[in-house]
file start20.cif (mmCIF, C-alpha atoms and all ligand atoms)
data_input
loop_
_atom_site.label_atom_id
_atom_site.label_comp_id
_atom_site.auth_asym_id
_atom_site.auth_seq_id
_atom_site.Cartn_x
_atom_site.Cartn_y
_atom_site.Cartn_z
CA MET E 284 8.21 -9.23 -20.82
CA ASP E 285 6.06 -12.27 -21.49
CA LEU E 286 3.43 -12.59 -18.79
CA ASN E 287 2.76 -16.22 -19.59
CA ASN E 288 6.41 -17.10 -19.07
CA LEU E 289 6.53 -15.15 -15.87
CA LEU E 290 3.46 -16.76 -14.33
CA ARG E 291 3.67 -19.95 -12.29
CA LYS E 292 2.52 -22.89 -14.41
CA ASN E 293 -0.22 -23.99 -12.03
CA ILE E 294 -1.66 -20.47 -12.04
CA LYS E 295 -1.48 -20.23 -15.83
CA ASN E 296 -3.41 -23.51 -16.07
CA LEU E 297 -5.80 -22.79 -13.21
CA LEU E 298 -9.49 -23.02 -13.89
CA PRO E 299 -10.88 -20.46 -11.42
CA TYR E 300 -13.90 -21.03 -9.20
CA SER E 301 -16.99 -19.81 -10.94
CA SER E 302 -19.48 -18.35 -8.49
CA ALA E 303 -23.20 -17.94 -9.05
CA ARG E 304 -22.62 -14.20 -9.46
CA ASP E 305 -19.90 -14.84 -12.04
CA GLU E 306 -22.25 -16.96 -14.11
CA TYR E 307 -25.13 -14.50 -13.92
CA SER E 308 -24.33 -10.90 -13.03
CA GLY E 309 -27.37 -9.03 -14.39
CA GLU E 310 -30.53 -7.84 -12.68
CA ALA E 311 -33.36 -10.28 -12.03
CA MET E 312 -36.69 -10.56 -10.21
CA VAL E 313 -35.87 -13.76 -8.43
CA PHE E 314 -32.45 -15.05 -7.46
CA LEU E 315 -32.51 -18.74 -6.63
CA ASP E 316 -29.02 -19.61 -7.78
CA ALA E 317 -26.65 -18.99 -4.86
CA ASN E 318 -28.30 -20.76 -1.93
CA GLU E 319 -28.77 -17.44 -0.18
CA ASN E 320 -31.36 -16.88 2.52
CA PRO E 321 -34.26 -14.79 1.13
CA PHE E 322 -34.57 -12.87 4.41
CA ASN E 323 -32.40 -10.22 6.09
CA GLN E 324 -32.04 -7.88 3.10
CA PRO E 325 -29.61 -6.60 1.91
CA TYR E 326 -27.02 -8.60 3.83
CA ASN E 327 -28.41 -11.94 2.67
CA ARG E 328 -26.90 -11.44 -0.79
CA TYR E 329 -23.35 -12.23 -1.80
CA PRO E 330 -21.42 -9.11 -2.82
CA ASP E 331 -20.41 -8.30 -6.38
CA PRO E 332 -17.23 -10.37 -6.86
CA LEU E 333 -15.70 -7.75 -9.18
CA GLN E 334 -16.98 -4.63 -7.34
CA LYS E 335 -18.10 -3.03 -10.60
CA LYS E 336 -19.94 -0.06 -9.09
CA LEU E 337 -17.05 0.87 -6.90
CA LYS E 338 -14.51 0.52 -9.70
CA GLU E 339 -16.63 2.81 -11.87
CA LYS E 340 -16.35 5.47 -9.15
CA ILE E 341 -12.64 4.97 -8.61
CA ALA E 342 -11.66 4.84 -12.31
CA PRO E 343 -12.31 8.55 -13.07
CA LEU E 344 -10.69 9.62 -9.78
CA LYS E 345 -7.51 7.88 -10.89
CA SER E 346 -7.84 8.41 -14.66
CA VAL E 347 -7.67 4.70 -15.41
CA ALA E 348 -10.12 2.19 -16.88
CA PRO E 349 -12.08 -0.09 -14.50
CA GLU E 350 -10.22 -3.05 -16.11
CA GLN E 351 -6.97 -1.62 -14.75
CA ILE E 352 -8.18 -1.75 -11.13
CA PHE E 353 -7.99 -4.59 -8.63
CA LEU E 354 -9.62 -4.05 -5.24
CA GLY E 355 -8.54 -6.07 -2.25
CA ASN E 356 -8.81 -6.54 1.48
CA GLY E 357 -6.18 -3.86 2.08
CA SER E 358 -3.01 -3.56 0.00
CA ASP E 359 -1.85 -6.70 1.74
CA GLU E 360 -4.13 -8.78 -0.47
CA PRO E 361 -2.60 -7.77 -3.84
CA ILE E 362 0.90 -8.06 -2.30
CA ASP E 363 0.15 -11.68 -1.35
CA LEU E 364 -1.59 -12.46 -4.64
CA LEU E 365 1.27 -11.09 -6.74
CA ILE E 366 3.74 -13.30 -4.90
CA ARG E 367 1.48 -16.32 -5.26
CA ALA E 368 0.87 -15.69 -8.97
CA PHE E 369 4.47 -15.19 -10.02
CA CYS E 370 6.82 -16.83 -7.51
CA GLU E 371 7.23 -20.60 -7.39
CA PRO E 372 7.72 -21.42 -3.67
CA GLY E 373 11.21 -22.60 -2.81
CA LYS E 374 12.52 -21.54 -6.21
CA ASP E 375 11.68 -18.02 -7.31
CA ASN E 376 12.56 -14.87 -5.42
CA ALA E 377 11.79 -11.17 -5.19
CA VAL E 378 14.00 -8.14 -4.61
CA SER E 379 13.11 -5.23 -2.37
CA ILE E 380 14.71 -2.12 -0.98
CA SER E 381 15.76 -1.89 2.67
CA PRO E 382 14.51 -0.42 4.89
CA THR E 383 10.92 -0.62 3.74
CA TYR E 384 7.43 -1.82 4.63
CA GLY E 385 7.60 -5.18 6.43
CA MET E 386 4.69 -6.88 4.66
CA TYR E 387 6.62 -7.75 1.47
CA GLN E 388 9.04 -9.81 3.51
CA VAL E 389 6.28 -11.48 5.56
CA ALA E 390 4.02 -12.24 2.59
CA ALA E 391 6.99 -13.71 0.72
CA ALA E 392 8.10 -15.78 3.72
CA ILE E 393 4.60 -17.23 4.16
CA ASN E 394 4.83 -18.36 0.55
CA ASN E 395 8.36 -19.72 1.02
CA VAL E 396 9.70 -17.13 -1.39
CA ALA E 397 13.04 -15.48 -0.63
CA ILE E 398 13.36 -11.70 -0.67
CA LYS E 399 16.75 -10.22 -1.46
CA GLU E 400 17.05 -6.82 0.14
CA VAL E 401 19.13 -4.04 -1.38
CA SER E 402 20.05 -1.21 0.93
CA LEU E 403 19.05 2.33 0.12
CA THR E 404 21.90 4.85 0.39
CA ASN E 405 22.48 6.65 3.71
CA GLU E 406 20.23 9.42 2.37
CA PHE E 407 17.52 6.80 1.66
CA GLU E 408 17.98 7.05 -2.11
CA LEU E 409 17.44 4.16 -4.50
CA ASP E 410 20.51 2.89 -6.36
CA ALA E 411 18.82 1.40 -9.43
CA ALA E 412 21.94 -0.31 -10.77
CA GLU E 413 22.61 -2.04 -7.42
CA LEU E 414 19.00 -3.18 -7.22
CA LEU E 415 18.95 -4.57 -10.75
CA LYS E 416 22.27 -6.36 -10.15
CA GLU E 417 20.69 -8.29 -7.28
CA GLY E 418 18.15 -9.93 -9.61
CA ASP E 419 18.81 -13.35 -11.15
CA GLU E 420 16.92 -15.63 -13.54
CA ASN E 421 14.52 -16.59 -10.72
CA THR E 422 13.67 -13.03 -9.70
CA LYS E 423 10.04 -12.41 -10.63
CA LEU E 424 9.12 -9.33 -8.59
CA ILE E 425 10.75 -6.13 -7.40
CA PHE E 426 9.08 -4.26 -4.54
CA LEU E 427 9.54 -0.48 -4.37
CA CYS E 428 7.77 1.84 -1.98
CA SER E 429 7.44 5.58 -2.66
CA PRO E 430 6.95 7.52 -0.44
CA ASN E 431 8.85 4.87 1.45
CA ASN E 432 7.85 3.58 4.88
CA PRO E 433 9.52 4.15 7.37
CA THR E 434 11.86 6.72 5.80
CA GLY E 435 9.12 9.01 4.44
CA ASN E 436 10.84 10.11 1.23
CA CYS E 437 9.81 9.58 -2.37
CA LEU E 438 12.29 7.55 -4.38
CA ASP E 439 13.98 9.42 -7.21
CA LYS E 440 11.80 9.32 -10.31
CA GLU E 441 14.64 8.55 -12.71
CA ALA E 442 15.88 5.69 -10.53
CA VAL E 443 12.40 4.14 -10.40
CA LEU E 444 12.10 4.48 -14.18
CA GLU E 445 15.46 2.80 -14.65
CA VAL E 446 14.25 -0.19 -12.62
CA VAL E 447 10.90 -0.42 -14.40
CA LYS E 448 12.47 -0.15 -17.86
CA ASN E 449 15.27 -2.64 -17.28
CA PHE E 450 13.68 -5.36 -15.17
CA ARG E 451 12.13 -8.27 -17.06
CA GLY E 452 9.73 -9.17 -14.29
CA ILE E 453 7.00 -7.26 -12.46
CA VAL E 454 7.79 -4.06 -10.56
CA VAL E 455 5.40 -3.43 -7.67
CA LEU E 456 5.44 0.24 -6.71
CA ASP E 457 3.68 0.80 -3.38
CA GLU E 458 2.22 4.31 -3.30
CA ALA E 459 0.28 4.00 -0.02
CA TYR E 460 1.25 7.57 0.95
CA ILE E 461 1.17 9.17 -2.49
CA ASP E 462 -1.74 11.50 -1.65
CA PHE E 463 0.66 13.35 0.65
CA ALA E 464 3.13 13.83 -2.23
CA PRO E 465 1.09 15.64 -4.90
CA GLY E 466 2.31 15.22 -8.46
CA LYS E 467 4.66 12.35 -7.71
CA SER E 468 2.52 9.34 -8.58
CA PHE E 469 3.52 7.05 -11.42
CA LEU E 470 -0.14 6.36 -12.19
CA PRO E 471 -0.25 8.79 -15.16
CA SER E 472 2.50 6.75 -16.87
CA LEU E 473 1.06 3.33 -16.00
CA HIS E 474 0.04 2.64 -19.62
CA GLU E 475 3.67 2.97 -20.77
CA PHE E 476 4.84 0.07 -18.61
CA PRO E 477 3.18 -3.34 -18.99
CA ASN E 478 5.31 -4.70 -16.11
CA LEU E 479 4.31 -2.06 -13.56
CA VAL E 480 1.82 -2.61 -10.72
CA ILE E 481 0.99 0.41 -8.57
CA LEU E 482 -0.50 -0.12 -5.11
CA GLN E 483 -2.57 2.52 -3.37
CA THR E 484 -4.90 2.30 -0.39
CA PHE E 485 -7.88 3.87 1.33
CA SER E 486 -6.14 3.38 4.68
CA LYS E 487 -4.12 6.60 4.89
CA ALA E 488 -5.22 9.84 3.18
CA TRP E 489 -8.77 8.56 2.78
CA GLY E 490 -9.11 7.75 6.48
CA MET E 491 -10.63 4.30 5.95
CA ALA E 492 -8.10 1.87 7.42
CA GLY E 493 -10.94 0.15 9.25
CA ILE E 494 -12.89 -0.90 6.18
CA ARG E 495 -9.85 -2.62 4.59
CA LEU E 496 -9.72 -1.47 1.01
CA GLY E 497 -6.58 -1.55 -1.07
CA MET E 498 -6.11 -0.92 -4.77
CA ALA E 499 -3.75 -2.29 -7.39
CA PHE E 500 -3.46 -0.61 -10.79
CA ALA E 501 -1.91 -2.44 -13.73
CA SER E 502 -2.54 -3.65 -17.26
CA PRO E 503 -5.87 -5.47 -17.76
CA GLU E 504 -3.84 -8.68 -18.28
CA ILE E 505 -2.21 -8.46 -14.85
CA ILE E 506 -5.48 -7.42 -13.21
CA SER E 507 -7.27 -10.43 -14.66
CA ILE E 508 -4.60 -12.72 -13.18
CA LEU E 509 -5.25 -11.23 -9.72
CA ASN E 510 -9.00 -11.62 -10.24
CA LYS E 511 -8.53 -15.23 -11.22
CA ILE E 512 -6.78 -16.22 -8.00
CA LYS E 513 -8.46 -14.00 -5.38
CA TYR E 514 -11.14 -15.29 -3.04
CA PRO E 515 -14.37 -15.05 -5.07
CA TYR E 516 -16.02 -12.58 -2.67
CA ASN E 517 -12.93 -10.84 -1.31
CA LEU E 518 -14.66 -7.53 -0.53
CA ASN E 519 -17.76 -7.72 1.61
CA ILE E 520 -20.95 -5.73 1.09
CA LEU E 521 -20.30 -3.37 4.01
CA THR E 522 -16.89 -2.34 2.72
CA GLN E 523 -18.20 -1.77 -0.80
CA GLN E 524 -21.16 0.27 0.45
CA LYS E 525 -19.10 2.40 2.81
CA ALA E 526 -16.46 3.02 0.15
CA LEU E 527 -19.16 4.08 -2.35
CA GLU E 528 -20.36 6.66 0.17
CA LEU E 529 -16.92 7.90 1.11
CA VAL E 530 -15.46 8.28 -2.39
CA GLU E 531 -17.96 11.11 -2.82
CA LYS E 532 -16.18 13.02 -0.05
CA ARG E 533 -13.15 13.92 -2.10
CA GLU E 534 -13.08 17.52 -0.95
CA GLN E 535 -13.01 16.39 2.65
CA VAL E 536 -10.02 14.19 1.87
CA GLU E 537 -8.22 17.09 0.20
CA GLU E 538 -8.83 19.20 3.30
CA TRP E 539 -7.44 16.48 5.57
CA VAL E 540 -4.40 16.04 3.36
CA ASN E 541 -3.65 19.77 3.26
CA LEU E 542 -4.03 20.03 7.02
CA LEU E 543 -1.81 17.00 7.64
CA ILE E 544 0.88 18.30 5.29
CA ALA E 545 0.84 21.68 7.08
CA GLU E 546 0.98 19.92 10.47
CA ARG E 547 3.86 17.76 9.24
CA GLU E 548 5.95 20.79 8.36
CA LYS E 549 5.01 22.49 11.62
CA MET E 550 6.01 19.39 13.58
CA ARG E 551 9.34 19.13 11.74
CA GLN E 552 10.09 22.69 12.82
CA LEU E 553 8.97 22.19 16.45
CA LEU E 554 10.77 18.86 16.81
CA SER E 555 14.01 20.32 15.45
CA GLU E 556 14.16 22.63 18.47
CA PHE E 557 14.59 19.80 20.99
CA PRO E 558 18.20 19.30 22.11
CA PHE E 559 17.91 15.50 21.96
CA VAL E 560 16.81 15.55 18.32
CA ILE E 561 19.69 14.78 15.96
CA ARG E 562 17.94 14.85 12.61
CA ILE E 563 14.46 15.02 11.17
CA PHE E 564 14.25 13.46 7.76
CA SER E 565 12.16 15.22 5.16
CA SER E 566 8.87 13.51 4.46
CA ASP E 567 6.45 13.14 1.57
CA ALA E 568 4.10 11.12 3.80
CA ASN E 569 1.89 11.56 6.90
CA PHE E 570 4.71 10.67 9.29
CA VAL E 571 8.23 11.80 10.06
CA LEU E 572 11.30 9.78 10.92
CA VAL E 573 13.24 11.44 13.71
CA LYS E 574 16.74 10.45 14.80
CA MET E 575 17.40 11.27 18.45
CA HIS E 576 19.64 10.58 21.39
CA ASP E 577 18.16 7.74 23.46
CA ALA E 578 15.30 7.03 21.05
CA ARG E 579 14.25 3.95 23.03
CA GLY E 580 14.15 5.91 26.28
CA ILE E 581 12.03 8.61 24.71
CA TYR E 582 9.75 5.99 23.20
CA GLU E 583 9.20 4.48 26.66
CA PHE E 584 8.72 7.89 28.28
CA LEU E 585 6.03 8.76 25.71
CA GLN E 586 4.37 5.40 26.20
CA GLU E 587 4.06 6.09 29.93
CA LYS E 588 2.36 9.36 29.01
CA GLY E 589 -0.10 7.43 26.85
CA ILE E 590 1.42 8.57 23.57
CA ILE E 591 2.46 5.76 21.26
CA VAL E 592 4.91 6.29 18.43
CA ARG E 593 6.78 3.65 16.44
CA ASP E 594 10.23 2.64 17.60
CA ARG E 595 12.30 2.04 14.46
CA SER E 596 15.63 2.27 16.27
CA LYS E 597 16.60 -1.30 15.42
CA VAL E 598 15.78 -0.97 11.72
CA HIS E 599 18.57 -0.86 9.10
CA LEU E 600 19.62 2.78 8.41
CA CYS E 601 17.06 4.01 10.95
CA GLU E 602 19.20 3.36 14.03
CA GLY E 603 18.15 5.61 16.90
CA SER E 604 15.01 6.79 15.12
CA LEU E 605 11.35 6.99 15.99
CA ARG E 606 8.62 7.14 13.37
CA ILE E 607 5.97 9.63 14.37
CA THR E 608 2.60 9.72 12.63
CA ILE E 609 1.17 13.20 12.10
CA GLY E 610 -2.03 13.37 14.13
CA SER E 611 -4.65 16.05 14.66
CA PRO E 612 -3.35 19.49 15.75
CA ASP E 613 -4.40 18.62 19.31
CA GLU E 614 -2.64 15.24 19.29
CA ASN E 615 0.51 16.80 17.86
CA GLU E 616 0.50 19.46 20.55
CA GLN E 617 0.19 16.78 23.23
CA LEU E 618 3.28 15.09 21.83
CA ILE E 619 5.26 18.34 21.81
CA ASN E 620 4.17 19.18 25.37
CA ALA E 621 5.18 15.72 26.58
CA LEU E 622 8.60 16.06 24.97
CA LYS E 623 9.09 19.46 26.63
CA GLU E 624 9.01 17.69 29.98
CA LEU E 625 12.23 15.93 28.95
CA ILE E 626 14.27 19.12 28.74
C1 LIG E 701 -0.02 1.55 5.51
C2 LIG E 701 0.66 0.95 4.33
C3 LIG E 701 -0.07 0.21 3.40
C4 LIG E 701 -1.53 0.04 3.55
O1 LIG E 701 -1.89 -1.23 3.78
P1 LIG E 701 -3.45 -1.58 3.82
O2 LIG E 701 -3.40 -3.06 3.86
O3 LIG E 701 -4.03 -1.06 2.53
O4 LIG E 701 -4.04 -0.94 5.01
C5 LIG E 701 0.58 -0.28 2.29
N1 LIG E 701 1.88 -0.06 2.09
C6 LIG E 701 2.61 0.66 2.95
C7 LIG E 701 4.02 0.94 2.67
C8 LIG E 701 2.03 1.17 4.11
O5 LIG E 701 2.77 1.86 4.98
#
call {"tool": "encode", "arguments": {"input": "start20.cif", "output": "C-alpha cells"}}
result
Amino acid sequence: MDLNNLLRKNIKNLLPYSSARDEYSGEAMVFLDANENPFNQPYNRYPDPLQKKLKEKIAPLKSVAPEQIFLGNGSDEPIDLLIRAFCEPGKDNAVSISPTYGMYQVAAAINNVAIKEVSLTNEFELDAAELLKEGDENTKLIFLCSPNNPTGNCLDKEAVLEVVKNFRGIVVLDEAYIDFAPGKSFLPSLHEFPNLVILQTFSKAWGMAGIRLGMAFASPEIISILNKIKYPYNLNILTQQKALELVEKREQVEEWVNLLIAEREKMRQLLSEFPFVIRIFSSDANFVLVKMHDARGIYEFLQEKGIIVRDRSKVHLCEGSLRITIGSPDENEQLINALKELI
C-alpha cells in the first residue's frame, strides 16, 4: 500500500492552516500571539490543537505511542475525515458490511462517495472473499465494525485478518463496543498492518457520550494525515479537561463493564422466557438484538410505558428485531416488568 497514491491529490498537496499554538506550543509568561482575551481564565485560551496531555494518558492505557492516536469530536469525526482524505467525491467509493452502523453511509453520502454494502451471512458472519470481491480500482476504504452494531457480535478474527491483509486500501475497524468483548481488540496487532485504522470511543464503556470524544489508532503516517485536515481546535478545553479527569477512573469503568456484561447475560436469559421472543442473538456489546413476534407493536407498547428501545425491524437481516441497550439493573427490571404485562 502506498499512502501517497491512495490519498486524494488536493489533500496530498494541502498546506494546512497553521495556528498560533502550532507555531509556538511551549510555555511562556505572556501570550500575545492568538488574539485571545486576557480575561476569563482558563477559558480565554485556545485548547491544545494536538491534545498532547490527553494523548499521553491514553497511550499507556492502549499500549500505543501518542503519535498513533487521533482524537476527535466523537468517532464520527475520524469517519468523516478518512472519507474526505481518501475518497475523491463522485469517483472513489468505499465498501462496508450490512447491516452495520449508519454513520459510514451518511458520512460517505455527504461527501458524494458511494458505499457498496456486502451482506453479512444470516448468522451475521463476515464473508471476507465476498467483501473483497466487491472492491474495484476506485475502492479506497473498507468499513468493518466489531462488535457490530446493531447485531452485537464480534466479526470472526480470521475473516477480518483476511480483509486487512488482502485489501490495498485502508481498512477502518470500528471497535466502539470492544470494552465489552475483552481480548478481542485488534489494537495489539495494529503495528503489523500499515493499512489498518481502529476506531474506539469514550461514548460507551467509558460513559462519556456527552463530552464527544472519539479515538482513531493507526500508523503515525495516517494519523498525521487526519491531523492535517481536521479543524485546528477540534477538541475544546472542557472536553480535554473532563477526559483527563475521567481517564483516571479506570477501575470504575471496569466495574461498570463487568456489571453490564453480567446484566446482559441475565437479560438474555429473562427475555428468552417470553413467548413472543423468537431469538436473542448473542452479544459482545452493551446491547442485545432480539427477534420477536410483532416487534413494532412491542416497540410502541414500551414507548407508551416510557421505555424506549431501538426498532431495527426494517433493517436488512434484522427483520422483526428490536435492539435493546443494557441499562442499570433497575432500568432492566422495569423493561422486564413492562413486557410481563404483554403475556
Ligand atoms: C456508538 C457508536 C460509535 C460512537 O460514536 P461517537 O461519535 O464516538 O459517540 C461509533 N461506532 C459505532 C458502531 C457505534 O455504535
call {"tool": "atom_distance", "arguments": {"input": "start20.cif", "atom1": "CA of Val480 (chain E)", "atom2": "CA of Phe500 (chain E)"}}
result
5.6 Å
call {"tool": "residues_near_point", "arguments": {"input": "start20.cif", "point": "(-7.2, 5.3, -8.0)", "cutoff": "9 Å", "atoms": "only C-alpha atoms", "output": "PDB file with C-alpha atoms, in the frame of the given file"}}
result
ATOM      1  CA  LYS E 338     -14.510   0.520  -9.700  1.00  0.00           C
ATOM      2  CA  ILE E 341     -12.640   4.970  -8.610  1.00  0.00           C
ATOM      3  CA  ALA E 342     -11.660   4.840 -12.310  1.00  0.00           C
ATOM      4  CA  PRO E 343     -12.310   8.550 -13.070  1.00  0.00           C
ATOM      5  CA  LEU E 344     -10.690   9.620  -9.780  1.00  0.00           C
ATOM      6  CA  LYS E 345      -7.510   7.880 -10.890  1.00  0.00           C
ATOM      7  CA  SER E 346      -7.840   8.410 -14.660  1.00  0.00           C
ATOM      8  CA  VAL E 347      -7.670   4.700 -15.410  1.00  0.00           C
ATOM      9  CA  ILE E 352      -8.180  -1.750 -11.130  1.00  0.00           C
ATOM     10  CA  LEU E 470      -0.140   6.360 -12.190  1.00  0.00           C
ATOM     11  CA  GLN E 483      -2.570   2.520  -3.370  1.00  0.00           C
ATOM     12  CA  THR E 484      -4.900   2.300  -0.390  1.00  0.00           C
ATOM     13  CA  MET E 498      -6.110  -0.920  -4.770  1.00  0.00           C
ATOM     14  CA  ALA E 499      -3.750  -2.290  -7.390  1.00  0.00           C
ATOM     15  CA  PHE E 500      -3.460  -0.610 -10.790  1.00  0.00           C
TER      16      PHE E 500
END
call {"tool": "residues_near_ligand", "arguments": {"input": "start20.cif", "ligand": "ligand LIG 701 (chain E)", "cutoff": "9 Å", "atoms": "all atoms listed in the file", "output": "number ranges by chain"}}
result
E: 355-360, 383-386, 428-433, 457-460, 482-487, 491-498
call {"tool": "closest_residue", "arguments": {"input": "start20.cif", "among": "E:Ile607, E:Ile398, E:Ile591, E:Val378", "to": "Leu554 (chain E)", "atoms": "all atoms listed in the file"}}
result
E:Ile607
call {"tool": "residues_around", "arguments": {"input": "start20.cif", "residues": "Ala464 (chain E)", "least_positions_apart": "5", "cutoff": "10 Å", "atoms": "all atoms listed in the file", "output": "ChimeraX atom specification"}}
result
/E:429-430,436-437,458,540,544,566-569
call {"tool": "closest_residue", "arguments": {"input": "start20.cif", "among": "E:Glu310, E:Phe353, E:Asp410, E:Lys292", "to": "Asn517 (chain E)", "atoms": "all atoms listed in the file"}}
result
E:Phe353
call {"tool": "closest_atom_pairs", "arguments": {"input": "start20.cif", "of": "region 350-417 of chain E", "to": "region 598-604 of chain E", "cutoff": "8 Å", "atoms": "all atoms listed in the file", "output": "tab-separated table"}}
result
residue	atom	partner	partner_atom	distance
E:Ser381	CA	E:His599	CA	7.1
E:Pro382	CA	E:His599	CA	5.9
E:Asn405	CA	E:Leu600	CA	6.7
call {"tool": "residues_around", "arguments": {"input": "start20.cif", "residues": "Lys513 (chain E)", "least_positions_apart": "5", "cutoff": "12 Å", "atoms": "all atoms listed in the file", "output": "ChimeraX atom specification"}}
result
/E:294,299-301,332-333,353-356,360-365,367-368,506-508,518
call {"tool": "closest_residue", "arguments": {"input": "start20.cif", "among": "E:Leu521, E:Val560, E:Leu553, E:Ala578", "to": "Glu616 (chain E)", "atoms": "all atoms listed in the file"}}
result
E:Leu553
call {"tool": "atom_distance", "arguments": {"input": "start20.cif", "atom1": "CA of Ile393 (chain E)", "atom2": "CA of Thr434 (chain E)"}}
result
25.1 Å
call {"tool": "closest_residue", "arguments": {"input": "start20.cif", "among": "E:Ile425, E:Phe463, E:Leu529, E:Lys623", "to": "Glu546 (chain E)", "atoms": "all atoms listed in the file"}}
result
E:Phe463
call {"tool": "closest_residue", "arguments": {"input": "start20.cif", "among": "E:Trp539, E:Phe314, E:Tyr326, E:Phe557", "to": "Met575 (chain E)", "atoms": "all atoms listed in the file"}}
result
E:Phe557
call {"tool": "closest_residue", "arguments": {"input": "start20.cif", "among": "E:Arg547, E:Lys588, E:Lys336, E:His576", "to": "Leu527 (chain E)", "atoms": "all atoms listed in the file"}}
result
E:Lys336
call {"tool": "decode", "arguments": {"input": "start20.cif", "residues": "region 413-426 of chain E", "atoms": "N, CA, C and O atoms", "output": "compact mmCIF listing (two decimals), in the first residue's frame"}}
result
# COMPACT_ATOMS: atom_id res chain seq x y z
N GLU E 413 -16.26 -12.48 -0.30
CA GLU E 413 -17.35 -11.69 -0.90
C GLU E 413 -17.05 -10.20 -0.79
O GLU E 413 -17.25 -9.43 -1.73
N LEU E 414 -16.61 -9.80 0.40
CA LEU E 414 -16.35 -8.39 0.65
C LEU E 414 -15.24 -7.88 -0.26
O LEU E 414 -15.36 -6.83 -0.89
N LEU E 415 -14.16 -8.64 -0.35
CA LEU E 415 -13.02 -8.22 -1.16
C LEU E 415 -13.39 -8.18 -2.64
O LEU E 415 -12.92 -7.31 -3.38
N LYS E 416 -14.29 -9.08 -3.06
CA LYS E 416 -14.71 -9.13 -4.46
C LYS E 416 -15.45 -7.85 -4.86
O LYS E 416 -15.44 -7.43 -6.01
N GLU E 417 -16.10 -7.23 -3.89
CA GLU E 417 -16.91 -6.04 -4.16
C GLU E 417 -16.04 -4.82 -4.47
O GLU E 417 -16.49 -3.86 -5.07
N GLY E 418 -14.79 -4.85 -4.03
CA GLY E 418 -13.89 -3.71 -4.26
C GLY E 418 -13.48 -3.60 -5.72
O GLY E 418 -13.40 -4.60 -6.42
N ASP E 419 -13.25 -2.37 -6.19
CA ASP E 419 -12.70 -2.17 -7.54
C ASP E 419 -11.53 -1.19 -7.44
O ASP E 419 -11.09 -0.86 -6.35
N GLU E 420 -11.06 -0.71 -8.59
CA GLU E 420 -9.84 0.14 -8.53
C GLU E 420 -10.10 1.48 -7.85
O GLU E 420 -9.17 2.17 -7.47
N ASN E 421 -11.39 1.83 -7.68
CA ASN E 421 -11.71 3.10 -7.01
C ASN E 421 -12.11 2.92 -5.54
O ASN E 421 -12.53 3.87 -4.90
N THR E 422 -11.99 1.71 -5.05
CA THR E 422 -12.34 1.48 -3.64
C THR E 422 -11.17 1.85 -2.75
O THR E 422 -10.10 1.25 -2.84
N LYS E 423 -11.36 2.84 -1.90
CA LYS E 423 -10.26 3.32 -1.07
C LYS E 423 -10.39 2.87 0.39
O LYS E 423 -9.39 2.76 1.09
N LEU E 424 -11.62 2.65 0.83
CA LEU E 424 -11.83 2.31 2.24
C LEU E 424 -12.75 1.11 2.37
O LEU E 424 -13.66 0.94 1.55
N ILE E 425 -12.50 0.30 3.40
CA ILE E 425 -13.46 -0.73 3.80
C ILE E 425 -13.82 -0.45 5.26
O ILE E 425 -12.94 -0.24 6.09
N PHE E 426 -15.12 -0.40 5.54
CA PHE E 426 -15.58 -0.20 6.91
C PHE E 426 -16.04 -1.53 7.52
O PHE E 426 -16.95 -2.17 6.99
